[in-house]
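entry_16.cif (mmCIF, C-alpha atoms; chains and numbers go by the auth columns)
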data_coords
#
loop_
_atom_site.group_PDB
_atom_site.id
_atom_site.type_symbol
_atom_site.label_atom_id
_atom_site.label_comp_id
_atom_site.label_asym_id
_atom_site.label_seq_id
_atom_site.Cartn_x
_atom_site.Cartn_y
_atom_site.Cartn_z
_atom_site.B_iso_or_equiv
_atom_site.auth_seq_id
_atom_site.auth_asym_id
ATOM 1 C CA MET A 1 66.636 43.933 36.931 0.00 175 W
ATOM 2 C CA ARG A 2 66.551 40.505 35.347 0.00 176 W
ATOM 3 C CA THR A 3 68.777 41.560 32.437 0.00 177 W
ATOM 4 C CA ILE A 4 71.193 43.400 34.722 0.00 178 W
ATOM 5 C CA ALA A 5 71.289 40.442 37.123 0.00 179 W
ATOM 6 C CA THR A 6 71.817 37.997 34.243 0.00 180 W
ATOM 7 C CA VAL A 7 74.657 40.056 32.769 0.00 181 W
ATOM 8 C CA ALA A 8 76.201 40.547 36.212 0.00 182 W
ATOM 9 C CA ALA A 9 76.112 36.779 36.851 0.00 183 W
ATOM 10 C CA ARG A 10 77.903 36.136 33.554 0.00 184 W
ATOM 11 C CA LEU A 11 80.546 38.729 34.397 0.00 185 W
ATOM 12 C CA ASN A 12 80.950 37.354 37.893 0.00 186 W
ATOM 13 C CA ALA A 13 81.974 33.918 36.649 0.00 187 W
ATOM 14 C CA ARG A 14 85.441 35.519 36.417 0.00 188 W
ATOM 15 C CA ALA A 15 85.524 36.280 40.149 0.00 189 W
ATOM 16 C CA PRO A 16 83.762 33.705 42.273 0.00 190 W
ATOM 17 C CA GLY A 17 83.709 34.790 45.885 0.00 191 W
ATOM 18 C CA LEU A 18 82.841 38.399 45.095 0.00 192 W
ATOM 19 C CA PRO A 19 79.235 39.508 44.571 0.00 193 W
ATOM 20 C CA ALA A 20 77.934 40.048 41.039 0.00 194 W
ATOM 21 C CA LEU A 21 75.634 42.904 42.064 0.00 195 W
ATOM 22 C CA LEU A 22 76.423 45.790 44.393 0.00 196 W
ATOM 23 C CA ALA A 23 73.431 47.943 45.325 0.00 197 W
ATOM 24 C CA LEU A 24 74.446 51.336 46.714 0.00 198 W
ATOM 25 C CA THR A 25 72.444 53.350 49.194 0.00 199 W
ATOM 26 C CA ASP A 26 72.080 57.056 48.544 0.00 200 W
ATOM 27 C CA VAL A 27 70.975 59.631 51.083 0.00 201 W
ATOM 28 C CA SER A 28 68.660 61.407 48.644 0.00 202 W
ATOM 29 C CA ARG A 29 67.604 58.668 46.195 0.00 203 W
ATOM 30 C CA ARG A 30 67.854 55.442 48.214 0.00 204 W
ATOM 31 C CA PRO A 31 67.785 56.303 51.896 0.00 205 W
ATOM 32 C CA ASP A 32 65.907 53.164 53.009 0.00 206 W
ATOM 33 C CA ALA A 33 68.611 50.501 53.166 0.00 207 W
ATOM 34 C CA ARG A 34 66.260 47.938 54.704 0.00 208 W
ATOM 35 C CA ARG A 35 63.783 48.181 51.834 0.00 209 W
ATOM 36 C CA LEU A 36 66.626 47.834 49.346 0.00 210 W
ATOM 37 C CA LEU A 37 68.017 44.843 51.238 0.00 211 W
ATOM 38 C CA MET A 38 64.696 43.013 51.050 0.00 212 W
ATOM 39 C CA ARG A 39 64.722 43.294 47.245 0.00 213 W
ATOM 40 C CA LEU A 40 68.269 42.010 46.746 0.00 214 W
ATOM 41 C CA PRO A 41 68.923 38.436 45.669 0.00 215 W
ATOM 42 C CA ARG A 42 70.999 36.135 47.856 0.00 216 W
ATOM 43 C CA GLY A 43 74.697 36.593 47.074 0.00 217 W
ATOM 44 C CA ALA A 44 74.387 40.271 46.160 0.00 218 W
ATOM 45 C CA ALA A 45 75.981 43.048 48.203 0.00 219 W
ATOM 46 C CA LEU A 46 74.503 46.093 49.878 0.00 220 W
ATOM 47 C CA LEU A 47 76.997 48.939 49.857 0.00 221 W
ATOM 48 C CA ASP A 48 75.764 51.247 52.605 0.00 222 W
ATOM 49 C CA ARG A 49 77.298 54.683 52.233 0.00 223 W
ATOM 50 C CA THR A 50 75.266 56.093 55.133 0.00 224 W
ATOM 51 C CA GLY A 51 77.286 54.256 57.796 0.00 225 W
ATOM 52 C CA ARG A 52 74.301 52.662 59.540 0.00 226 W
ATOM 53 C CA ARG A 53 75.282 50.309 62.336 0.00 227 W
ATOM 54 C CA ASP A 54 72.170 48.133 62.377 0.00 228 W
ATOM 55 C CA LEU A 55 72.264 46.325 59.031 0.00 229 W
ATOM 56 C CA GLY A 56 74.893 43.625 59.591 0.00 230 W
ATOM 57 C CA ARG A 57 72.650 41.015 61.184 0.00 231 W
ATOM 58 C CA ASP A 58 69.858 41.487 58.614 0.00 232 W
ATOM 59 C CA CYS A 59 72.323 41.200 55.728 0.00 233 W
ATOM 60 C CA ARG A 60 73.862 38.000 57.126 0.00 234 W
ATOM 61 C CA ARG A 61 70.398 36.510 57.644 0.00 235 W
ATOM 62 C CA LYS A 62 69.435 37.283 54.045 0.00 236 W
ATOM 63 C CA GLY A 63 72.742 36.070 52.563 0.00 237 W
ATOM 64 C CA VAL A 64 73.766 39.522 51.340 0.00 238 W
ATOM 65 C CA LEU A 65 77.264 40.902 51.861 0.00 239 W
ATOM 66 C CA LEU A 66 77.183 44.204 53.759 0.00 240 W
ATOM 67 C CA ILE A 67 79.820 46.664 52.644 0.00 241 W
ATOM 68 C CA SER A 68 80.081 49.838 54.691 0.00 242 W
ATOM 69 C CA THR A 69 82.075 53.031 55.011 0.00 243 W
ATOM 70 C CA ARG A 70 82.308 52.290 58.739 0.00 244 W
ATOM 71 C CA ARG A 71 84.542 49.590 60.143 0.00 245 W
ATOM 72 C CA ASP A 72 82.299 49.200 63.181 0.00 246 W
ATOM 73 C CA ALA A 73 79.006 48.742 61.342 0.00 247 W
ATOM 74 C CA GLY A 74 78.984 44.941 61.428 0.00 248 W
ATOM 75 C CA ALA A 75 80.056 44.920 57.800 0.00 249 W
ATOM 76 C CA ALA A 76 81.752 42.043 56.021 0.00 250 W
ATOM 77 C CA GLY A 77 83.352 44.412 53.497 0.00 251 W
ATOM 78 C CA LEU A 78 84.789 47.933 53.603 0.00 252 W
ATOM 79 C CA TYR A 79 84.098 50.771 51.144 0.00 253 W
ATOM 80 C CA VAL A 80 86.671 53.526 50.658 0.00 254 W
ATOM 81 C CA ARG A 81 86.659 56.575 48.444 0.00 255 W
ATOM 82 C CA ASP A 82 88.548 59.829 48.211 0.00 256 W
ATOM 83 C CA LEU A 83 92.087 58.756 47.377 0.00 257 W
ATOM 84 C CA PRO A 84 92.159 55.131 48.545 0.00 258 W
ATOM 85 C CA ALA A 85 95.980 55.179 48.652 0.00 259 W
ATOM 86 C CA GLU A 86 95.803 57.648 51.524 0.00 260 W
ATOM 87 C CA ARG A 87 93.600 55.186 53.390 0.00 261 W
ATOM 88 C CA ALA A 88 96.109 52.335 53.127 0.00 262 W
ATOM 89 C CA ARG A 89 96.592 52.281 56.916 0.00 263 W
ATOM 90 C CA GLU A 90 92.850 51.931 57.476 0.00 264 W
ATOM 91 C CA ILE A 91 92.689 49.129 54.894 0.00 265 W
ATOM 92 C CA ALA A 92 95.652 47.355 56.522 0.00 266 W
ATOM 93 C CA ALA A 93 94.005 47.619 59.959 0.00 267 W
ATOM 94 C CA TRP A 94 90.759 46.238 58.496 0.00 268 W
ATOM 95 C CA ARG A 95 92.653 43.264 57.084 0.00 269 W
ATOM 96 C CA ARG A 96 94.557 42.607 60.346 0.00 270 W
ATOM 97 C CA ARG A 97 91.217 42.303 62.155 0.00 271 W
ATOM 98 C CA GLY A 98 90.112 39.701 59.630 0.00 272 W
ATOM 99 C CA GLY A 99 87.959 42.075 57.594 0.00 273 W
ATOM 100 C CA GLY A 100 86.665 40.935 54.228 0.00 274 W
ATOM 101 C CA PRO A 101 87.003 42.522 50.807 0.00 275 W
ATOM 102 C CA VAL A 102 87.722 46.215 50.319 0.00 276 W
ATOM 103 C CA PHE A 103 85.918 48.101 47.560 0.00 277 W
ATOM 104 C CA ALA A 104 87.243 51.461 46.320 0.00 278 W
ATOM 105 C CA ALA A 105 85.513 54.171 44.298 0.00 279 W
ATOM 106 C CA VAL A 106 87.699 55.236 41.361 0.00 280 W
ATOM 107 C CA HIS A 107 87.387 57.442 38.301 0.00 281 W
ATOM 108 C CA SER A 108 90.657 57.010 36.368 0.00 282 W
ATOM 109 C CA PRO A 109 93.477 54.590 35.549 0.00 283 W
ATOM 110 C CA ARG A 110 95.680 56.334 38.114 0.00 284 W
ATOM 111 C CA ALA A 111 93.017 55.857 40.792 0.00 285 W
ATOM 112 C CA LEU A 112 92.759 52.165 39.864 0.00 286 W
ATOM 113 C CA ARG A 113 96.511 51.754 40.458 0.00 287 W
ATOM 114 C CA ARG A 114 96.354 53.688 43.723 0.00 288 W
ATOM 115 C CA ALA A 115 93.448 51.588 44.987 0.00 289 W
ATOM 116 C CA ALA A 116 95.364 48.388 44.223 0.00 290 W
ATOM 117 C CA ALA A 117 98.500 49.737 45.912 0.00 291 W
ATOM 118 C CA ALA A 118 96.434 50.582 49.006 0.00 292 W
ATOM 119 C CA GLY A 119 95.212 46.978 49.236 0.00 293 W
ATOM 120 C CA ALA A 120 91.720 47.224 47.764 0.00 294 W
ATOM 121 C CA THR A 121 90.171 43.995 46.535 0.00 295 W
ATOM 122 C CA ALA A 122 88.030 45.571 43.827 0.00 296 W
ATOM 123 C CA ALA A 123 87.250 48.958 42.331 0.00 297 W
ATOM 124 C CA LEU A 124 83.966 50.572 41.332 0.00 298 W
ATOM 125 C CA LEU A 125 84.968 52.430 38.169 0.00 299 W
ATOM 126 C CA SER A 126 82.618 55.275 37.351 0.00 300 W
ATOM 127 C CA PRO A 127 80.749 56.932 35.839 0.00 301 W
ATOM 128 C CA LEU A 128 80.546 54.475 32.966 0.00 302 W
ATOM 129 C CA PHE A 129 77.519 56.110 31.327 0.00 303 W
ATOM 130 C CA PRO A 130 75.747 59.401 32.054 0.00 304 W
ATOM 131 C CA THR A 131 74.058 59.203 35.433 0.00 305 W
ATOM 132 C CA ARG A 132 71.993 61.260 37.837 0.00 306 W
ATOM 133 C CA SER A 133 74.811 61.074 40.397 0.00 307 W
ATOM 134 C CA HIS A 134 77.089 63.086 38.124 0.00 308 W
ATOM 135 C CA PRO A 135 74.820 65.537 36.279 0.00 309 W
ATOM 136 C CA GLY A 136 76.509 66.932 33.197 0.00 310 W
ATOM 137 C CA ALA A 137 79.290 64.322 33.151 0.00 311 W
ATOM 138 C CA LYS A 138 79.133 62.301 29.979 0.00 312 W
ATOM 139 C CA GLY A 139 80.710 59.161 31.426 0.00 313 W
ATOM 140 C CA ILE A 140 83.897 57.380 30.466 0.00 314 W
ATOM 141 C CA GLY A 141 82.153 55.195 27.902 0.00 315 W
ATOM 142 C CA ILE A 142 82.504 51.511 27.169 0.00 316 W
ATOM 143 C CA THR A 143 85.703 51.806 25.098 0.00 317 W
ATOM 144 C CA ARG A 144 87.717 53.545 27.825 0.00 318 W
ATOM 145 C CA PHE A 145 86.106 51.384 30.498 0.00 319 W
ATOM 146 C CA ARG A 146 87.183 48.252 28.592 0.00 320 W
ATOM 147 C CA LEU A 147 90.786 49.513 28.285 0.00 321 W
ATOM 148 C CA TRP A 148 91.111 50.812 31.846 0.00 322 W
ATOM 149 C CA ALA A 149 89.567 47.690 33.391 0.00 323 W
ATOM 150 C CA ARG A 150 91.810 45.407 31.334 0.00 324 W
ATOM 151 C CA GLN A 151 94.909 47.284 32.525 0.00 325 W
ATOM 152 C CA ALA A 152 93.758 47.476 36.145 0.00 326 W
ATOM 153 C CA PRO A 153 95.747 45.555 38.758 0.00 327 W
ATOM 154 C CA LEU A 154 92.540 44.580 40.617 0.00 328 W
ATOM 155 C CA ALA A 155 88.991 43.436 39.926 0.00 329 W
ATOM 156 C CA VAL A 156 86.668 46.093 38.467 0.00 330 W
ATOM 157 C CA TYR A 157 82.920 46.698 38.774 0.00 331 W
ATOM 158 C CA ALA A 158 80.982 48.917 36.370 0.00 332 W
ATOM 159 C CA LEU A 159 79.205 51.783 38.124 0.00 333 W
ATOM 160 C CA GLY A 160 77.168 54.629 36.741 0.00 334 W
ATOM 161 C CA GLY A 161 74.222 54.652 34.399 0.00 335 W
ATOM 162 C CA VAL A 162 74.112 50.895 33.787 0.00 336 W
ATOM 163 C CA THR A 163 70.599 49.919 32.679 0.00 337 W
ATOM 164 C CA ALA A 164 68.880 46.854 31.306 0.00 338 W
ATOM 165 C CA VAL A 165 69.415 48.356 27.842 0.00 339 W
ATOM 166 C CA ASN A 166 73.185 48.971 28.015 0.00 340 W
ATOM 167 C CA ALA A 167 74.325 46.260 30.469 0.00 341 W
ATOM 168 C CA ARG A 168 75.117 43.751 27.716 0.00 342 W
ATOM 169 C CA ALA A 169 77.932 46.002 26.464 0.00 343 W
ATOM 170 C CA LEU A 170 79.822 44.979 29.599 0.00 344 W
ATOM 171 C CA LEU A 171 80.137 41.403 28.336 0.00 345 W
ATOM 172 C CA SER A 172 82.953 42.623 26.066 0.00 346 W
ATOM 173 C CA THR A 173 84.937 43.855 29.089 0.00 347 W
ATOM 174 C CA VAL A 174 86.755 42.236 32.013 0.00 348 W
ATOM 175 C CA ALA A 175 84.313 43.716 34.544 0.00 349 W
ATOM 176 C CA ILE A 176 83.406 41.236 37.276 0.00 350 W
ATOM 177 C CA GLY A 177 80.062 42.765 38.196 0.00 351 W
ATOM 178 C CA ILE A 178 77.711 45.720 38.177 0.00 352 W
ATOM 179 C CA ALA A 179 77.167 48.323 40.863 0.00 353 W
ATOM 180 C CA GLY A 180 74.476 50.958 40.965 0.00 354 W
ATOM 181 C CA ILE A 181 71.918 53.065 42.753 0.00 355 W
ATOM 182 C CA ASP A 182 68.930 53.235 40.447 0.00 356 W
ATOM 183 C CA GLY A 183 69.429 50.186 38.223 0.00 357 W
ATOM 184 C CA ILE A 184 69.795 47.560 40.961 0.00 358 W
ATOM 185 C CA PRO A 185 67.075 46.289 41.595 0.00 359 W
#

Could I get this file's structure written as structure tokens?
Amino acid sequence: MRTIATVAARLNARAPGLPALLALTDVSRRPDARRLLMRLPRGAALLDRTGRRDLGRDCRRKGVLLISTRRDAGAAGLYVRDLPAERAREIAAWRRRGGGPVFAAVHSPRALRRAAAAGATAALLSPLFPTRSHPGAKGIGITRFRLWARQAPLAVYALGGVTAVNARALLSTVAIGIAGIDGIP
């Protein structure tokens, strides 16, 4: 955790105002969002993909940004996946109500462009390295990640298989932070 957090903080110097670390919940591997929240450092983000409605107050109290798939979950940020461009109306409505940053899951340069066109603030580009979330997928690798992130019209987080051992490779990219399930914290 310390190495990942240190690398993420160095990356995040490029994007003050956005969290350096995004910890994702996972129904099978990380179902206890409250336990995860208690382990996160102040200024990190909890990306709750389960849509729980009861985390907003606890996240604010702890100084952690809550990002949720649900607009009504008390979240300060919105998470979209599955063709973010098709969710442009939802993103626009979120913004009109004063919603905070929008994070989009992407897996290609085309998806990065579509997420930006839809109004996303940042993208979680994955899988960077092999990961349990995508068994059998080899990952895009650091070279393609570096190129795609540099060409992206929005801020990019590294997601997928980032560990204390390989996190330093991200320092040669324009990534602004690290997202993950198992590696954070």

Atom pair CA of Ala285 in chain W + CA of Ile265 in chain W, distance 15.6 Å

Of W:Ala266, W:Ala291, W:Val201, W:Ala247, the one sitting nearest Gly225 in chain W when using all atoms listed in the file is W:Ala247

Apply the PyMOL selection byres ((chain W and resi 248-252) around 12) to the structure shown and report the selected residues as a ChimeraX atom specification.
/W:192-193,196,219-223,225-234,237-247,253-255,258,261,264-269,271-279,293-297

Selected by the PyMOL selection byres ((chain W and resi 214) around 10) in the shown coordinates: which residues, as a PyMOL selection string?
chain W and resi 195-197+209-213+215-220+233+236-238+358-359

Need to verify the contact set: Gly354 in chain W, 8 Å, all atoms listed in the file, exclusion of same-chain residues closer than 5 positions in sequence. Can you return it as a VMD selection string?
chain W and resid 196 to 198 333 to 336

Can you sort out the box for range 286-301 of chain W, edges along x, y and z, all listed atoms in, 3 Å on every side, with centre and edge lengths in Å to one decimal, as AutoDock Vina command-line options?
--center_x 89.6 --center_y 50.5 --center_z 42.5 --size_x 23.8 --size_y 18.9 --size_z 19.4

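Pairwise distance (CA of Gly357 in chain W, CA of Ala179 in chain W) equals 10.0 Å.
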